[in-house]
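Note: the block below is model-v8.txt and it holds compact mmCIF, C-alpha atoms and all ligand atoms.
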```
# COMPACT_ATOMS: atom_id res chain seq x y z
CA MET A 1 14.61 -4.99 -14.59
CA ARG A 2 11.61 -7.14 -13.72
CA ASP A 3 8.67 -9.01 -15.15
CA MET A 4 5.90 -6.63 -14.07
CA GLY A 5 4.75 -4.12 -11.47
CA PHE A 6 4.72 -4.94 -7.83
CA LEU A 7 2.05 -4.48 -5.17
CA VAL A 8 2.82 -3.10 -1.71
CA VAL A 9 0.29 -2.66 1.06
CA LEU A 10 1.06 -0.10 3.73
CA SER A 11 -1.21 -0.25 6.76
CA GLY A 12 -0.96 0.92 10.31
CA PHE A 13 -2.75 2.59 13.13
CA ALA A 14 -4.42 5.91 12.40
CA GLY A 15 -1.78 8.36 13.64
CA SER A 16 1.12 6.02 12.89
CA GLY A 17 2.43 8.39 10.22
CA LYS A 18 1.92 5.93 7.34
CA GLY A 19 0.47 8.62 5.08
CA THR A 20 3.52 10.83 5.59
CA ILE A 21 5.89 7.92 4.94
CA MET A 22 4.11 7.17 1.70
CA LYS A 23 4.12 10.76 0.45
CA GLU A 24 7.82 11.07 1.28
CA LEU A 25 8.56 7.83 -0.55
CA LEU A 26 6.81 9.14 -3.66
CA SER A 27 8.58 12.47 -3.55
CA ARG A 28 12.04 10.91 -3.06
CA TYR A 29 11.63 8.15 -5.64
CA PRO A 30 8.98 9.32 -8.12
CA GLU A 31 10.13 6.93 -10.86
CA GLU A 32 9.80 3.86 -8.67
CA TYR A 33 6.43 4.24 -7.02
CA ALA A 34 2.81 4.79 -7.98
CA LEU A 35 0.15 5.53 -5.43
CA SER A 36 -3.33 4.09 -5.71
CA VAL A 37 -5.99 6.68 -4.85
CA SER A 38 -8.90 5.08 -3.02
CA ALA A 39 -12.60 5.76 -3.20
CA THR A 40 -14.38 6.58 0.04
CA THR A 41 -17.75 7.69 1.36
CA ARG A 42 -16.25 9.79 4.16
CA THR A 43 -16.41 13.57 3.85
CA PRO A 44 -13.24 15.39 2.75
CA ARG A 45 -11.05 16.90 5.49
CA PRO A 46 -9.87 20.51 5.09
CA GLY A 47 -7.24 20.66 2.35
CA GLU A 48 -8.13 17.33 0.77
CA GLN A 49 -8.78 17.32 -2.96
CA GLU A 50 -10.99 15.10 -5.09
CA GLY A 51 -8.76 12.63 -6.93
CA ARG A 52 -5.64 13.44 -4.90
CA GLU A 53 -6.30 12.06 -1.39
CA TYR A 54 -9.46 10.17 -2.38
CA PHE A 55 -12.27 9.92 -4.88
CA PHE A 56 -15.13 11.08 -2.69
CA LYS A 57 -18.34 9.13 -3.35
CA THR A 58 -21.85 8.93 -1.98
CA LYS A 59 -22.93 5.63 -0.44
CA GLU A 60 -25.03 4.91 -3.53
CA GLU A 61 -22.16 5.64 -5.91
CA PHE A 62 -19.83 3.45 -3.86
CA GLU A 63 -22.32 0.59 -3.80
CA ARG A 64 -22.66 0.86 -7.58
CA MET A 65 -18.85 0.55 -7.83
CA ILE A 66 -19.00 -2.61 -5.69
CA ALA A 67 -21.82 -4.07 -7.80
CA GLY A 68 -19.99 -3.21 -11.03
CA GLY A 69 -16.83 -5.03 -9.88
CA GLU A 70 -14.86 -1.77 -10.04
CA LEU A 71 -13.05 -2.31 -6.73
CA LEU A 72 -10.16 -4.67 -6.06
CA GLU A 73 -11.08 -4.68 -2.39
CA TYR A 74 -13.20 -2.64 -0.05
CA ALA A 75 -13.97 -2.39 3.64
CA CYS A 76 -16.01 -0.46 6.14
CA TYR A 77 -13.95 1.65 8.54
CA VAL A 78 -15.48 3.83 11.30
CA GLY A 79 -18.83 3.88 9.51
CA ASN A 80 -17.56 4.64 6.00
CA TYR A 81 -16.70 2.63 2.92
CA TYR A 82 -13.14 2.66 1.57
CA GLY A 83 -12.04 0.79 -1.54
CA THR A 84 -9.28 0.44 -4.14
CA PRO A 85 -10.33 1.19 -7.75
CA ARG A 86 -9.32 -1.78 -9.88
CA ALA A 87 -8.46 -0.07 -13.20
CA TYR A 88 -5.53 2.08 -12.02
CA VAL A 89 -3.83 -0.73 -10.11
CA GLU A 90 -4.17 -3.20 -12.99
CA GLU A 91 -2.79 -0.61 -15.41
CA GLN A 92 0.21 0.07 -13.14
CA LEU A 93 0.87 -3.63 -12.63
CA ALA A 94 1.45 -3.90 -16.37
CA GLY A 95 4.25 -1.32 -15.98
CA SER A 96 7.32 -1.46 -13.82
CA ARG A 97 6.54 0.60 -10.72
CA SER A 98 5.74 -0.55 -7.22
CA VAL A 99 2.11 0.32 -6.57
CA ILE A 100 1.42 1.34 -2.99
CA LEU A 101 -1.99 0.77 -1.44
CA GLU A 102 -2.43 2.62 1.82
CA ILE A 103 -5.34 0.60 3.17
CA GLU A 104 -6.57 -0.98 6.37
CA ILE A 105 -6.29 -4.59 7.38
CA GLN A 106 -9.53 -6.11 6.03
CA GLY A 107 -8.67 -4.75 2.59
CA ALA A 108 -5.03 -5.83 2.95
CA LEU A 109 -6.10 -9.42 3.50
CA GLN A 110 -8.39 -9.33 0.44
CA ILE A 111 -5.45 -8.07 -1.64
CA ARG A 112 -3.21 -10.84 -0.34
CA GLU A 113 -5.84 -13.42 -1.38
CA LYS A 114 -5.96 -12.01 -4.92
CA PHE A 115 -2.25 -11.23 -5.26
CA PRO A 116 -0.32 -13.58 -2.98
CA GLU A 117 3.03 -11.97 -3.86
CA THR A 118 1.98 -8.63 -2.31
CA VAL A 119 4.26 -7.34 0.44
CA LEU A 120 2.39 -6.20 3.54
CA LEU A 121 3.94 -3.55 5.79
CA PHE A 122 2.45 -2.46 9.10
CA VAL A 123 3.45 0.90 10.58
CA THR A 124 3.26 1.62 14.29
CA PRO A 125 4.42 4.45 16.53
CA PRO A 126 6.95 3.35 19.19
CA SER A 127 4.26 2.98 21.90
CA ALA A 128 0.53 3.16 22.59
CA GLY A 129 1.13 6.39 24.55
CA VAL A 130 2.74 8.07 21.54
CA LEU A 131 -0.14 6.87 19.36
CA ARG A 132 -2.74 8.34 21.72
CA GLU A 133 -0.90 11.68 21.79
CA ARG A 134 -0.74 11.79 18.00
CA LEU A 135 -4.45 11.06 17.64
CA ILE A 136 -5.40 13.81 20.04
CA GLY A 137 -2.68 16.18 18.83
CA ARG A 138 -3.98 16.16 15.28
CA GLY A 139 -6.98 18.16 16.55
CA THR A 140 -9.13 17.59 13.48
CA GLU A 141 -11.30 14.86 14.95
CA THR A 142 -14.02 14.93 17.59
CA SER A 143 -13.37 13.01 20.80
CA GLU A 144 -15.92 10.42 19.65
CA VAL A 145 -13.90 9.80 16.49
CA VAL A 146 -10.64 9.64 18.49
CA HIS A 147 -12.28 7.13 20.81
CA SER A 148 -13.58 5.04 17.95
CA ARG A 149 -10.19 5.10 16.21
CA LEU A 150 -8.44 4.03 19.41
CA SER A 151 -10.93 1.18 19.73
CA ARG A 152 -10.29 0.29 16.13
CA ALA A 153 -6.52 0.37 16.78
CA VAL A 154 -7.03 -2.29 19.44
CA GLU A 155 -8.75 -4.48 16.83
CA GLU A 156 -6.07 -3.82 14.21
CA ALA A 157 -3.28 -4.79 16.57
CA ASP A 158 -4.85 -8.26 16.64
CA GLY A 159 -4.50 -8.77 12.90
CA CYS A 160 -1.06 -7.31 12.25
CA GLU A 161 0.69 -10.69 12.68
CA ALA A 162 -0.48 -11.45 9.14
CA TYR A 163 1.82 -8.71 7.80
CA ASP A 164 5.33 -9.35 6.52
CA TYR A 165 7.11 -6.39 8.14
CA LEU A 166 6.63 -4.17 11.17
CA ILE A 167 7.85 -0.61 10.68
CA ILE A 168 8.37 1.33 13.91
CA ASN A 169 7.99 5.00 13.10
CA ASP A 170 10.08 6.95 15.57
CA ASP A 171 12.17 8.75 12.95
CA LEU A 172 10.48 9.66 9.66
CA ASP A 173 13.64 9.86 7.59
CA ALA A 174 14.94 6.46 8.71
CA CYS A 175 11.48 4.95 8.27
CA VAL A 176 11.16 6.09 4.66
CA GLU A 177 14.55 4.60 3.79
CA GLU A 178 13.71 1.38 5.62
CA VAL A 179 10.46 0.97 3.68
CA HIS A 180 12.23 1.75 0.39
CA HIS A 181 14.94 -0.79 1.17
CA ILE A 182 12.43 -3.51 2.08
CA ILE A 183 10.46 -2.97 -1.14
CA ARG A 184 13.61 -3.06 -3.26
CA SER A 185 14.81 -6.23 -1.59
CA GLU A 186 11.44 -7.91 -2.02
CA ARG A 187 11.39 -6.97 -5.69
CA SER A 188 14.82 -8.51 -6.17
CA ARG A 189 13.66 -11.97 -5.15
CA MET A 190 14.55 -14.52 -7.80
CA ARG A 191 10.96 -15.72 -8.23
CA HIS A 192 9.97 -12.29 -9.56
CA HIS A 193 12.66 -12.37 -12.25
CA LEU A 194 12.33 -15.77 -13.87
CA ARG A 195 11.77 -14.30 -17.33
CA GLU A 196 14.86 -12.06 -17.13
CA ILE A 197 17.13 -14.83 -15.89
CA GLU A 198 15.83 -17.12 -18.64
CA THR A 199 16.78 -14.47 -21.22
CA ILE A 200 20.28 -14.15 -19.74
CA LYS A 201 20.74 -17.94 -19.77
CA ASN A 202 19.57 -18.22 -23.40
CA ASP A 203 21.79 -15.33 -24.51
CA LEU A 204 24.75 -16.97 -22.80
CA LYS A 205 24.05 -20.23 -24.64
CA GLU A 206 24.05 -18.32 -27.93
CA TYR A 207 27.43 -16.78 -27.03
CA VAL A 208 28.78 -20.25 -26.25
CA LYS A 209 27.63 -21.46 -29.68
CA GLY A 210 29.32 -18.48 -31.33
CA GLU A 211 32.58 -19.22 -29.55
CA GLN A 212 32.75 -22.91 -30.56
CA ILE A 213 36.22 -24.13 -31.52
P1 LIG A 301 -8.72 8.11 6.68
O1 LIG A 301 -10.18 8.35 6.81
O2 LIG A 301 -7.98 8.47 7.94
O3 LIG A 301 -8.14 8.75 5.46
O4 LIG A 301 -8.51 6.54 6.47
C1 LIG A 301 -9.04 5.63 7.38
C2 LIG A 301 -8.49 4.24 7.10
O5 LIG A 301 -8.95 3.75 5.85
C3 LIG A 301 -6.98 4.17 7.06
O6 LIG A 301 -6.56 3.06 7.84
C4 LIG A 301 -6.67 3.94 5.61
O7 LIG A 301 -5.48 3.21 5.43
C5 LIG A 301 -7.87 3.14 5.19
N1 LIG A 301 -8.10 3.15 3.74
C6 LIG A 301 -7.90 4.17 2.87
N2 LIG A 301 -8.20 3.80 1.64
C7 LIG A 301 -8.59 2.51 1.70
C8 LIG A 301 -9.03 1.56 0.72
O8 LIG A 301 -9.09 1.80 -0.49
N3 LIG A 301 -9.37 0.32 1.18
C9 LIG A 301 -9.31 -0.03 2.49
N4 LIG A 301 -9.64 -1.27 2.82
N5 LIG A 301 -8.91 0.84 3.43
C10 LIG A 301 -8.56 2.10 3.04
```

Mind turning the file's structure into structure tokens?
Ligand code: 5GP
Amino acid sequence: MRDMGFLVVLSGFAGSGKGTIMKELLSRYPEEYALSVSATTRTPRPGEQEGREYFFKTKEEFERMIAGGELLEYACYVGNYYGTPRAYVEEQLAGSRSVILEIEIQGALQIREKFPETVLLFVTPPSAGVLRERLIGRGTETSEVVHSRLSRAVEEADGCEAYDYLIINDDLDACVEEVHHIIRSERSRMRHHLREIETIKNDLKEYVKGEQI
């Protein structure tokens, strides 16, 4: 029961496990969440599918999307563009699901400007050492990319104070439930339900009238 959809931003260091948390959230609670699929100019990784992980675009296509106002936000990350297509998010916001944007910090701050009620969650591994191991352990990136992502992680750590919640990912199962709980609690805030409470109050007044002695 609520007025409209709800926006959630999930960010975190590369290698923090935020993608896994998000997929798990969607598979456990498919009725409650919708995932925004971003556009990017980076090349697909093995196993990634057009329209599932990303909409893969050329630089020219992406720049046309920017010029056409088709993106809610966009940013440059490790030499590539990433952006959130506007249409899907706006459509979902008219429904009742929580829409999750798994995006980096520059984009997160643009979303907060446009939609101040957005809840921002930042995921981190328990320590920098664990993060480094995860980045190397993934084995799909060159050492230059690992280095540039670690450098980027240093920058991102500077901006994470702007987020509402810090999620420490040392246990996937617990993390998924924690994120779900936070989103539910945030959605329950009175200010998101003013229309519903108004209806209840008006209905009650009608009952009172009907019961007059
Ligand atoms: P990856 O290349 O590892 O899939 O993603 C790199 C970074 O880009 C991640 O931090 C991810 O959250 C971020 N990202 C993915 N989609 C978007 C988007 O639409 N907008 C922004 N600003 N960042 C995104």

Could you list, as a compact mmCIF listing (two decimals) with C-alpha atoms, in the coordinates of the input, all protein and nucleic acid residues with an atom at most 10 Å from ligand LIG 301 (chain A), counting all atoms listed in the file?
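Contents of the output file result37.txt:
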```txt
# COMPACT_ATOMS: atom_id res chain seq x y z
CA VAL A 9 0.29 -2.66 1.06
CA LEU A 10 1.06 -0.10 3.73
CA SER A 11 -1.21 -0.25 6.76
CA GLY A 12 -0.96 0.92 10.31
CA PHE A 13 -2.75 2.59 13.13
CA ALA A 14 -4.42 5.91 12.40
CA GLY A 15 -1.78 8.36 13.64
CA SER A 16 1.12 6.02 12.89
CA LYS A 18 1.92 5.93 7.34
CA GLY A 19 0.47 8.62 5.08
CA SER A 36 -3.33 4.09 -5.71
CA VAL A 37 -5.99 6.68 -4.85
CA SER A 38 -8.90 5.08 -3.02
CA ALA A 39 -12.60 5.76 -3.20
CA THR A 40 -14.38 6.58 0.04
CA THR A 41 -17.75 7.69 1.36
CA ARG A 42 -16.25 9.79 4.16
CA THR A 43 -16.41 13.57 3.85
CA PRO A 44 -13.24 15.39 2.75
CA ARG A 45 -11.05 16.90 5.49
CA GLU A 48 -8.13 17.33 0.77
CA GLU A 53 -6.30 12.06 -1.39
CA TYR A 54 -9.46 10.17 -2.38
CA PHE A 55 -12.27 9.92 -4.88
CA LEU A 71 -13.05 -2.31 -6.73
CA LEU A 72 -10.16 -4.67 -6.06
CA GLU A 73 -11.08 -4.68 -2.39
CA TYR A 74 -13.20 -2.64 -0.05
CA ALA A 75 -13.97 -2.39 3.64
CA CYS A 76 -16.01 -0.46 6.14
CA TYR A 77 -13.95 1.65 8.54
CA VAL A 78 -15.48 3.83 11.30
CA ASN A 80 -17.56 4.64 6.00
CA TYR A 81 -16.70 2.63 2.92
CA TYR A 82 -13.14 2.66 1.57
CA GLY A 83 -12.04 0.79 -1.54
CA THR A 84 -9.28 0.44 -4.14
CA PRO A 85 -10.33 1.19 -7.75
CA LEU A 101 -1.99 0.77 -1.44
CA GLU A 102 -2.43 2.62 1.82
CA ILE A 103 -5.34 0.60 3.17
CA GLU A 104 -6.57 -0.98 6.37
CA ILE A 105 -6.29 -4.59 7.38
CA GLN A 106 -9.53 -6.11 6.03
CA GLY A 107 -8.67 -4.75 2.59
CA ALA A 108 -5.03 -5.83 2.95
CA LEU A 109 -6.10 -9.42 3.50
CA GLN A 110 -8.39 -9.33 0.44
CA ILE A 111 -5.45 -8.07 -1.64
CA ARG A 149 -10.19 5.10 16.21
CA ARG A 152 -10.29 0.29 16.13
CA ALA A 153 -6.52 0.37 16.78
CA GLU A 156 -6.07 -3.82 14.21
```

Exercise. Skipping near chain neighbours, those fewer than 3 positions away, what residues fall within 9 Å of segment 119-132 of chain A using only C-alpha atoms, listed as JSON, numbers by chain?
Worked result: {"A": [6, 7, 8, 9, 10, 11, 12, 13, 14, 15, 16, 17, 18, 108, 112, 116, 135, 136, 137, 146, 150, 160, 162, 163, 164, 165, 166, 167, 168, 169, 170, 179, 183, 186]}

For this session: Record the distance separating atom CA of Val145 of chain A and atom CA of Leu26 of chain A, expressed in Å with one decimal.
Result: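 Computed distance, atom CA of Val145 of chain A to atom CA of Leu26 of chain A, equals 28.9 Å.
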
For this session: For atom CA of Glu32 of chain A and atom CA of Ser96 of chain A, quote the distance in Å rounded to one decimal.
Result: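 Going from atom CA of Glu32 of chain A over to atom CA of Ser96 of chain A covers 7.8 Å.
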
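Going from atom CA of Leu35 of chain A to atom CA of Met22 of chain A covers 8.3 Å.
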
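Distance annotation: of A:Met4, A:Leu204, A:Ile197, A:Leu172, the residue with the minimal separation from Leu25 of chain A is A:Leu172; atom set is only C-alpha atoms.
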